[in-house]
Amino acid sequence: MSTGTRAAVLGEAVLPELLRVADVDPALLVTDFTDEDPELADRLDRAEVLLTGWGCPPLDSAALGRMPRLRAVVHAAGSVKHHVTPACWERGLLVSSAAAANALPVAEYALAAILFSNKRVLESAHAYRAARGPIDLLSHYPTVGNYRRTVGLVGASLIGRRVLELLRPFDLRVLVHDPYADPAEVTALGGECSSLDELLRRSDVVSLHAPALPQTRHLLDASRLSLMRDGATLVNTARGSLVDTDALTTELVTGRLHAVLDHTEPEVLPAGSVLFDLPNVLLTPHVAGSLGGELDRLAASAVEELERYARGLAFRHPVDPARLAYSA
């Protein structure tokens, strides 16, 4: 993992547990598998499990060639696509990910965004700031609220399913679009399967939870965005590439739609982007995922997987290579 990742993830809260379950040198950090340092070469030669995180270099054939005893990779973060290569699966390595742990704060952010959007919190805050005095709420916001509103979730991913669970206590109708979802599971969680176009037409808030894949690039283009009802809100905590930024900007400038965007394309918008200043847009700098104390949850998940491996138990959160083609 990167130096910054180690400092953030492997803090005082988790190191004692890590040392309890594994024979590990916490001072050893590998950021380059091509480093010819003799001591590193010896450590790699003896390594049975890699504990990885953000910034891990690719585990290609050359890297794996330096680790003949390697049996497993435990990732203390979400997606493994950046470092787990086909060579890992050909080698038969076991791979675990903390994606389920990382899904929790993202789902919590999405829940807050959905509830605040239907309540028009951002809009009313701007109005109050401008008025600096009383606002006739009943006349200005006659239709706000979450009672019997419709929420559309695009993607029944780990995060999408968690959002669906979190929405269950509320008086909301939840539509779910995911071509790979099990309809029975969606129904059991309180959702209703829907085509994407129908979801967009019916939803007051649309929340994106699909992976970034070639087939999902600009999933919401100008045509699809035009299907969203007037006053609807788009929440993106997934990937910016799912939305045509230019088309979305056009809709937002008119004021027809609202947006809560934790991801954009590009990931950091140009300083001159109008999205920074629009009153109907809330932009956040990729904060929905694990940050601060939430990183301890990722580390704890990884340590638990290491302990299961040491006991000869199957990983609780294994990565299935067959699902990587359509997952994050």
# chains A, B, ... in the order shown; residues from 1 in each chain; ligands from 1

$ select_by_dssp --residues "range 21-261 of chain A" --states "alpha helix (DSSP H)" --output "MDAnalysis selection string"
chainID A and resid 21 38:46 61:65 86:91 99:118 121:131 137:140 158:167 183:188 196:202 222:225 245:254

$ select_by_dssp --residues "range 31-209 of chain A" --states "strand (DSSP E)" --output "PyMOL selection string"
chain A and resi 49-52+72-75+94-97+149-154+172-177+192-193+205-208

$ write_last_selection --atoms "N, CA and C atoms" --output "PDB file, in the first residue's frame"
ATOM      1  N   VAL A  49       0.926 -14.256   2.996  1.00  0.00           N
ATOM      2  CA  VAL A  49      -0.256 -13.423   2.799  1.00  0.00           C
ATOM      3  C   VAL A  49       0.199 -11.978   2.627  1.00  0.00           C
ATOM      4  N   LEU A  50      -0.440 -11.271   1.708  1.00  0.00           N
ATOM      5  CA  LEU A  50      -0.206  -9.843   1.561  1.00  0.00           C
ATOM      6  C   LEU A  50      -1.386  -9.085   2.149  1.00  0.00           C
ATOM      7  N   LEU A  51      -1.096  -8.119   3.011  1.00  0.00           N
ATOM      8  CA  LEU A  51      -2.106  -7.181   3.488  1.00  0.00           C
ATOM      9  C   LEU A  51      -1.957  -5.937   2.623  1.00  0.00           C
ATOM     10  N   THR A  52      -2.976  -5.646   1.805  1.00  0.00           N
ATOM     11  CA  THR A  52      -2.869  -4.562   0.837  1.00  0.00           C
ATOM     12  C   THR A  52      -3.857  -3.448   1.155  1.00  0.00           C
ATOM     13  N   ALA A  72      -2.475 -15.869  -0.306  1.00  0.00           N
ATOM     14  CA  ALA A  72      -3.678 -15.059  -0.158  1.00  0.00           C
ATOM     15  C   ALA A  72      -3.347 -13.572  -0.179  1.00  0.00           C
ATOM     16  N   VAL A  73      -4.352 -12.779  -0.562  1.00  0.00           N
ATOM     17  CA  VAL A  73      -4.268 -11.322  -0.550  1.00  0.00           C
ATOM     18  C   VAL A  73      -5.471 -10.813   0.232  1.00  0.00           C
ATOM     19  N   VAL A  74      -5.197 -10.046   1.290  1.00  0.00           N
ATOM     20  CA  VAL A  74      -6.263  -9.467   2.105  1.00  0.00           C
ATOM     21  C   VAL A  74      -6.208  -7.954   1.910  1.00  0.00           C
ATOM     22  N   HIS A  75      -7.253  -7.419   1.308  1.00  0.00           N
ATOM     23  CA  HIS A  75      -7.271  -5.999   0.931  1.00  0.00           C
ATOM     24  C   HIS A  75      -8.058  -5.201   1.957  1.00  0.00           C
ATOM     25  N   LEU A  94      -6.175 -16.864  -2.912  1.00  0.00           N
ATOM     26  CA  LEU A  94      -7.395 -16.457  -2.231  1.00  0.00           C
ATOM     27  C   LEU A  94      -7.339 -14.945  -2.058  1.00  0.00           C
ATOM     28  N   VAL A  95      -8.446 -14.269  -2.329  1.00  0.00           N
ATOM     29  CA  VAL A  95      -8.476 -12.808  -2.243  1.00  0.00           C
ATOM     30  C   VAL A  95      -9.685 -12.379  -1.418  1.00  0.00           C
ATOM     31  N   SER A  96      -9.435 -11.486  -0.478  1.00  0.00           N
ATOM     32  CA  SER A  96     -10.502 -10.933   0.348  1.00  0.00           C
ATOM     33  C   SER A  96     -10.485  -9.417   0.228  1.00  0.00           C
ATOM     34  N   SER A  97     -11.649  -8.804   0.406  1.00  0.00           N
ATOM     35  CA  SER A  97     -11.753  -7.352   0.312  1.00  0.00           C
ATOM     36  C   SER A  97     -12.607  -6.825   1.455  1.00  0.00           C
ATOM     37  N   ARG A 149     -42.778   9.306  -0.910  1.00  0.00           N
ATOM     38  CA  ARG A 149     -41.975   9.682  -2.074  1.00  0.00           C
ATOM     39  C   ARG A 149     -41.370   8.425  -2.690  1.00  0.00           C
ATOM     40  N   THR A 150     -40.905   8.550  -3.927  1.00  0.00           N
ATOM     41  CA  THR A 150     -40.306   7.422  -4.641  1.00  0.00           C
ATOM     42  C   THR A 150     -38.809   7.657  -4.807  1.00  0.00           C
ATOM     43  N   VAL A 151     -38.032   6.671  -4.402  1.00  0.00           N
ATOM     44  CA  VAL A 151     -36.574   6.722  -4.523  1.00  0.00           C
ATOM     45  C   VAL A 151     -36.139   5.633  -5.497  1.00  0.00           C
ATOM     46  N   GLY A 152     -35.262   5.972  -6.417  1.00  0.00           N
ATOM     47  CA  GLY A 152     -34.739   5.004  -7.368  1.00  0.00           C
ATOM     48  C   GLY A 152     -33.275   4.719  -7.111  1.00  0.00           C
ATOM     49  N   LEU A 153     -32.949   3.451  -6.919  1.00  0.00           N
ATOM     50  CA  LEU A 153     -31.563   3.035  -6.720  1.00  0.00           C
ATOM     51  C   LEU A 153     -31.069   2.344  -7.987  1.00  0.00           C
ATOM     52  N   VAL A 154     -30.036   2.904  -8.593  1.00  0.00           N
ATOM     53  CA  VAL A 154     -29.463   2.325  -9.797  1.00  0.00           C
ATOM     54  C   VAL A 154     -28.247   1.507  -9.392  1.00  0.00           C
ATOM     55  N   LEU A 172     -41.364   5.274   2.184  1.00  0.00           N
ATOM     56  CA  LEU A 172     -40.896   5.544   0.835  1.00  0.00           C
ATOM     57  C   LEU A 172     -41.159   4.340  -0.057  1.00  0.00           C
ATOM     58  N   ARG A 173     -41.360   4.595  -1.318  1.00  0.00           N
ATOM     59  CA  ARG A 173     -41.395   3.531  -2.318  1.00  0.00           C
ATOM     60  C   ARG A 173     -40.006   3.497  -2.957  1.00  0.00           C
ATOM     61  N   VAL A 174     -39.371   2.323  -3.007  1.00  0.00           N
ATOM     62  CA  VAL A 174     -38.004   2.236  -3.516  1.00  0.00           C
ATOM     63  C   VAL A 174     -37.967   1.349  -4.753  1.00  0.00           C
ATOM     64  N   LEU A 175     -37.557   1.920  -5.866  1.00  0.00           N
ATOM     65  CA  LEU A 175     -37.377   1.186  -7.113  1.00  0.00           C
ATOM     66  C   LEU A 175     -35.900   0.842  -7.270  1.00  0.00           C
ATOM     67  N   VAL A 176     -35.614  -0.326  -7.811  1.00  0.00           N
ATOM     68  CA  VAL A 176     -34.229  -0.769  -7.978  1.00  0.00           C
ATOM     69  C   VAL A 176     -34.029  -1.239  -9.409  1.00  0.00           C
ATOM     70  N   HIS A 177     -32.975  -0.730 -10.030  1.00  0.00           N
ATOM     71  CA  HIS A 177     -32.605  -1.231 -11.359  1.00  0.00           C
ATOM     72  C   HIS A 177     -31.203  -1.828 -11.296  1.00  0.00           C
ATOM     73  N   GLU A 192     -38.484  -2.702  -5.245  1.00  0.00           N
ATOM     74  CA  GLU A 192     -39.288  -3.139  -6.389  1.00  0.00           C
ATOM     75  C   GLU A 192     -38.419  -3.033  -7.629  1.00  0.00           C
ATOM     76  N   CYS A 193     -38.208  -4.138  -8.337  1.00  0.00           N
ATOM     77  CA  CYS A 193     -37.376  -4.115  -9.537  1.00  0.00           C
ATOM     78  C   CYS A 193     -38.040  -3.280 -10.630  1.00  0.00           C
ATOM     79  N   VAL A 205     -36.029  11.016  -6.159  1.00  0.00           N
ATOM     80  CA  VAL A 205     -34.578  11.019  -5.984  1.00  0.00           C
ATOM     81  C   VAL A 205     -34.019   9.771  -6.653  1.00  0.00           C
ATOM     82  N   VAL A 206     -32.970   9.942  -7.444  1.00  0.00           N
ATOM     83  CA  VAL A 206     -32.277   8.823  -8.088  1.00  0.00           C
ATOM     84  C   VAL A 206     -30.879   8.759  -7.504  1.00  0.00           C
ATOM     85  N   SER A 207     -30.533   7.619  -6.917  1.00  0.00           N
ATOM     86  CA  SER A 207     -29.227   7.451  -6.276  1.00  0.00           C
ATOM     87  C   SER A 207     -28.439   6.366  -7.016  1.00  0.00           C
ATOM     88  N   LEU A 208     -27.213   6.710  -7.427  1.00  0.00           N
ATOM     89  CA  LEU A 208     -26.401   5.820  -8.260  1.00  0.00           C
ATOM     90  C   LEU A 208     -25.477   4.941  -7.420  1.00  0.00           C
TER      91      LEU A 208
END

$ residues_around --residues "Glu123 in chain A" --least-positions-apart "6" --cutoff "10 Å" --atoms "only C-alpha atoms" --output "PyMOL selection string"
chain A and resi 116-117+141+258+279-282

$ residues_around --residues "Thr31 in chain A" --least-positions-apart "3" --cutoff "12 Å" --atoms "only C-alpha atoms" --output "number ranges by chain"
A: 1-6, 28, 34-35, 40, 52-59, 63, 83

$ write_last_selection --atoms "N, CA, C and O atoms" --output "PDB file, in the first residue's frame"
ATOM      1  N   MET A   1       0.846  -1.180   0.000  1.00  0.00           N
ATOM      2  CA  MET A   1       0.000   0.000   0.000  1.00  0.00           C
ATOM      3  C   MET A   1       0.887   1.237   0.000  1.00  0.00           C
ATOM      4  O   MET A   1       2.101   1.141   0.140  1.00  0.00           O
ATOM      5  N   SER A   2       0.258   2.398  -0.173  1.00  0.00           N
ATOM      6  CA  SER A   2       1.041   3.624  -0.166  1.00  0.00           C
ATOM      7  C   SER A   2       1.397   4.028   1.263  1.00  0.00           C
ATOM      8  O   SER A   2       0.791   3.556   2.228  1.00  0.00           O
ATOM      9  N   THR A   3       2.365   4.913   1.376  1.00  0.00           N
ATOM     10  CA  THR A   3       2.778   5.393   2.687  1.00  0.00           C
ATOM     11  C   THR A   3       1.620   6.071   3.407  1.00  0.00           C
ATOM     12  O   THR A   3       1.391   5.859   4.599  1.00  0.00           O
ATOM     13  N   GLY A   4       0.870   6.903   2.674  1.00  0.00           N
ATOM     14  CA  GLY A   4      -0.259   7.582   3.279  1.00  0.00           C
ATOM     15  C   GLY A   4      -1.341   6.627   3.736  1.00  0.00           C
ATOM     16  O   GLY A   4      -1.978   6.832   4.781  1.00  0.00           O
ATOM     17  N   THR A   5      -1.547   5.547   2.978  1.00  0.00           N
ATOM     18  CA  THR A   5      -2.559   4.560   3.355  1.00  0.00           C
ATOM     19  C   THR A   5      -2.178   3.870   4.656  1.00  0.00           C
ATOM     20  O   THR A   5      -3.020   3.683   5.538  1.00  0.00           O
ATOM     21  N   ARG A   6      -0.912   3.479   4.760  1.00  0.00           N
ATOM     22  CA  ARG A   6      -0.494   2.810   5.993  1.00  0.00           C
ATOM     23  C   ARG A   6      -0.709   3.714   7.201  1.00  0.00           C
ATOM     24  O   ARG A   6      -1.218   3.275   8.237  1.00  0.00           O
ATOM     25  N   LEU A  28       7.599  -2.729   7.935  1.00  0.00           N
ATOM     26  CA  LEU A  28       7.880  -3.059   6.539  1.00  0.00           C
ATOM     27  C   LEU A  28       6.726  -2.609   5.658  1.00  0.00           C
ATOM     28  O   LEU A  28       5.588  -3.034   5.847  1.00  0.00           O
ATOM     29  N   THR A  34       9.210  -4.219  -7.679  1.00  0.00           N
ATOM     30  CA  THR A  34      10.431  -4.383  -8.481  1.00  0.00           C
ATOM     31  C   THR A  34      11.677  -3.947  -7.726  1.00  0.00           C
ATOM     32  O   THR A  34      12.785  -4.060  -8.256  1.00  0.00           O
ATOM     33  N   ASP A  35      11.524  -3.449  -6.507  1.00  0.00           N
ATOM     34  CA  ASP A  35      12.663  -3.016  -5.696  1.00  0.00           C
ATOM     35  C   ASP A  35      13.601  -4.194  -5.462  1.00  0.00           C
ATOM     36  O   ASP A  35      13.181  -5.257  -4.980  1.00  0.00           O
ATOM     37  N   LEU A  40      14.211  -6.903   1.233  1.00  0.00           N
ATOM     38  CA  LEU A  40      12.849  -6.978   0.726  1.00  0.00           C
ATOM     39  C   LEU A  40      12.650  -8.260  -0.071  1.00  0.00           C
ATOM     40  O   LEU A  40      11.608  -8.921   0.056  1.00  0.00           O
ATOM     41  N   THR A  52      -2.976  -5.646   1.805  1.00  0.00           N
ATOM     42  CA  THR A  52      -2.869  -4.562   0.837  1.00  0.00           C
ATOM     43  C   THR A  52      -3.857  -3.448   1.155  1.00  0.00           C
ATOM     44  O   THR A  52      -4.793  -3.616   1.930  1.00  0.00           O
ATOM     45  N   GLY A  53      -3.620  -2.311   0.516  1.00  0.00           N
ATOM     46  CA  GLY A  53      -4.496  -1.150   0.677  1.00  0.00           C
ATOM     47  C   GLY A  53      -4.363  -0.251  -0.532  1.00  0.00           C
ATOM     48  O   GLY A  53      -3.731  -0.620  -1.532  1.00  0.00           O
ATOM     49  N   TRP A  54      -4.976   0.941  -0.463  1.00  0.00           N
ATOM     50  CA  TRP A  54      -4.903   1.872  -1.573  1.00  0.00           C
ATOM     51  C   TRP A  54      -3.439   2.156  -1.923  1.00  0.00           C
ATOM     52  O   TRP A  54      -2.601   2.364  -1.053  1.00  0.00           O
ATOM     53  N   GLY A  55      -3.140   2.136  -3.212  1.00  0.00           N
ATOM     54  CA  GLY A  55      -1.782   2.404  -3.666  1.00  0.00           C
ATOM     55  C   GLY A  55      -0.944   1.162  -3.871  1.00  0.00           C
ATOM     56  O   GLY A  55       0.239   1.269  -4.207  1.00  0.00           O
ATOM     57  N   CYS A  56      -1.543  -0.024  -3.690  1.00  0.00           N
ATOM     58  CA  CYS A  56      -0.779  -1.254  -3.921  1.00  0.00           C
ATOM     59  C   CYS A  56      -0.434  -1.375  -5.397  1.00  0.00           C
ATOM     60  O   CYS A  56      -1.305  -1.223  -6.252  1.00  0.00           O
ATOM     61  N   PRO A  57       0.838  -1.643  -5.734  1.00  0.00           N
ATOM     62  CA  PRO A  57       1.200  -1.822  -7.144  1.00  0.00           C
ATOM     63  C   PRO A  57       0.598  -3.124  -7.686  1.00  0.00           C
ATOM     64  O   PRO A  57       0.202  -3.998  -6.909  1.00  0.00           O
ATOM     65  N   PRO A  58       0.505  -3.258  -8.996  1.00  0.00           N
ATOM     66  CA  PRO A  58      -0.118  -4.448  -9.591  1.00  0.00           C
ATOM     67  C   PRO A  58       0.599  -5.739  -9.210  1.00  0.00           C
ATOM     68  O   PRO A  58       1.828  -5.814  -9.215  1.00  0.00           O
ATOM     69  N   LEU A  59      -0.206  -6.738  -8.897  1.00  0.00           N
ATOM     70  CA  LEU A  59       0.328  -8.069  -8.607  1.00  0.00           C
ATOM     71  C   LEU A  59       0.334  -8.869  -9.900  1.00  0.00           C
ATOM     72  O   LEU A  59      -0.479  -9.768 -10.120  1.00  0.00           O
ATOM     73  N   ALA A  63       5.686  -9.749 -10.301  1.00  0.00           N
ATOM     74  CA  ALA A  63       5.604  -9.558  -8.849  1.00  0.00           C
ATOM     75  C   ALA A  63       5.358 -10.887  -8.151  1.00  0.00           C
ATOM     76  O   ALA A  63       6.004 -11.204  -7.138  1.00  0.00           O
ATOM     77  N   HIS A  83      -5.091  -3.750  -8.403  1.00  0.00           N
ATOM     78  CA  HIS A  83      -3.840  -4.472  -8.142  1.00  0.00           C
ATOM     79  C   HIS A  83      -3.944  -5.981  -8.334  1.00  0.00           C
ATOM     80  O   HIS A  83      -2.937  -6.639  -8.572  1.00  0.00           O
TER      81      HIS A  83
END

$ atom_distance --atom1 "CA of Leu70 in chain A" --atom2 "CA of Ala328 in chain A"
24.5 Å

$ residues_around --residues "Val163 in chain A" --least-positions-apart "2" --cutoff "10 Å" --atoms "only C-alpha atoms" --output "VMD selection string"
chain A and resid 103 to 104 106 to 111 114 153 156 to 161 165 to 168 189 207 209

$ closest_residue --among "A:Asp204, A:Glu251, A:Glu12, A:Asp246" --to "Ala232 in chain A" --atoms "only C-alpha atoms"
A:Asp204

$ residues_around --residues "Leu18 in chain A" --least-positions-apart "5" --cutoff "9 Å" --atoms "only C-alpha atoms" --output "JSON, numbers by chain"
{"A": [10, 23, 24, 26, 299, 300, 302, 303, 304, 306, 307]}

$ write_last_selection --atoms "N, CA and C atoms" --output "PDB file, in the first residue's frame"
ATOM      1  N   LEU A  10      -3.489   1.726   9.266  1.00  0.00           N
ATOM      2  CA  LEU A  10      -2.866   0.881  10.295  1.00  0.00           C
ATOM      3  C   LEU A  10      -2.470   1.728  11.500  1.00  0.00           C
ATOM      4  N   ASP A  23       2.255 -12.994  11.904  1.00  0.00           N
ATOM      5  CA  ASP A  23       3.682 -12.768  12.055  1.00  0.00           C
ATOM      6  C   ASP A  23       4.058 -11.702  11.032  1.00  0.00           C
ATOM      7  N   VAL A  24       4.072 -10.461  11.480  1.00  0.00           N
ATOM      8  CA  VAL A  24       4.231  -9.344  10.553  1.00  0.00           C
ATOM      9  C   VAL A  24       5.161  -8.299  11.160  1.00  0.00           C
ATOM     10  N   PRO A  26       5.404  -4.550  11.267  1.00  0.00           N
ATOM     11  CA  PRO A  26       4.615  -3.363  10.917  1.00  0.00           C
ATOM     12  C   PRO A  26       5.448  -2.237  10.317  1.00  0.00           C
ATOM     13  N   ALA A 299      -9.666  -1.684   8.513  1.00  0.00           N
ATOM     14  CA  ALA A 299      -8.549  -2.435   9.074  1.00  0.00           C
ATOM     15  C   ALA A 299      -9.044  -3.602   9.913  1.00  0.00           C
ATOM     16  N   ALA A 300     -10.094  -3.371  10.706  1.00  0.00           N
ATOM     17  CA  ALA A 300     -10.632  -4.445  11.542  1.00  0.00           C
ATOM     18  C   ALA A 300     -11.167  -5.581  10.690  1.00  0.00           C
ATOM     19  N   ALA A 302     -10.065  -6.427   7.705  1.00  0.00           N
ATOM     20  CA  ALA A 302      -8.911  -7.137   7.151  1.00  0.00           C
ATOM     21  C   ALA A 302      -8.264  -8.038   8.197  1.00  0.00           C
ATOM     22  N   VAL A 303      -8.133  -7.550   9.416  1.00  0.00           N
ATOM     23  CA  VAL A 303      -7.532  -8.352  10.480  1.00  0.00           C
ATOM     24  C   VAL A 303      -8.405  -9.574  10.781  1.00  0.00           C
ATOM     25  N   GLU A 304      -9.708  -9.395  10.762  1.00  0.00           N
ATOM     26  CA  GLU A 304     -10.603 -10.530  10.986  1.00  0.00           C
ATOM     27  C   GLU A 304     -10.417 -11.599   9.901  1.00  0.00           C
ATOM     28  N   LEU A 306      -7.626 -12.088   8.210  1.00  0.00           N
ATOM     29  CA  LEU A 306      -6.336 -12.720   8.471  1.00  0.00           C
ATOM     30  C   LEU A 306      -6.463 -13.790   9.548  1.00  0.00           C
ATOM     31  N   GLU A 307      -7.239 -13.489  10.577  1.00  0.00           N
ATOM     32  CA  GLU A 307      -7.420 -14.464  11.644  1.00  0.00           C
ATOM     33  C   GLU A 307      -8.167 -15.695  11.145  1.00  0.00           C
TER      34      GLU A 307
END

$ residues_around --residues "Asp262 in chain A" --least-positions-apart "2" --cutoff "12 Å" --atoms "only C-alpha atoms" --output "VMD selection string"
chain A and resid 106 109 to 110 113 207 to 209 234 to 240 259 to 260 264 to 269 281 to 289

$ atom_distance --atom1 "CA of Asp42 in chain A" --atom2 "CA of His82 in chain A"
25.1 Å
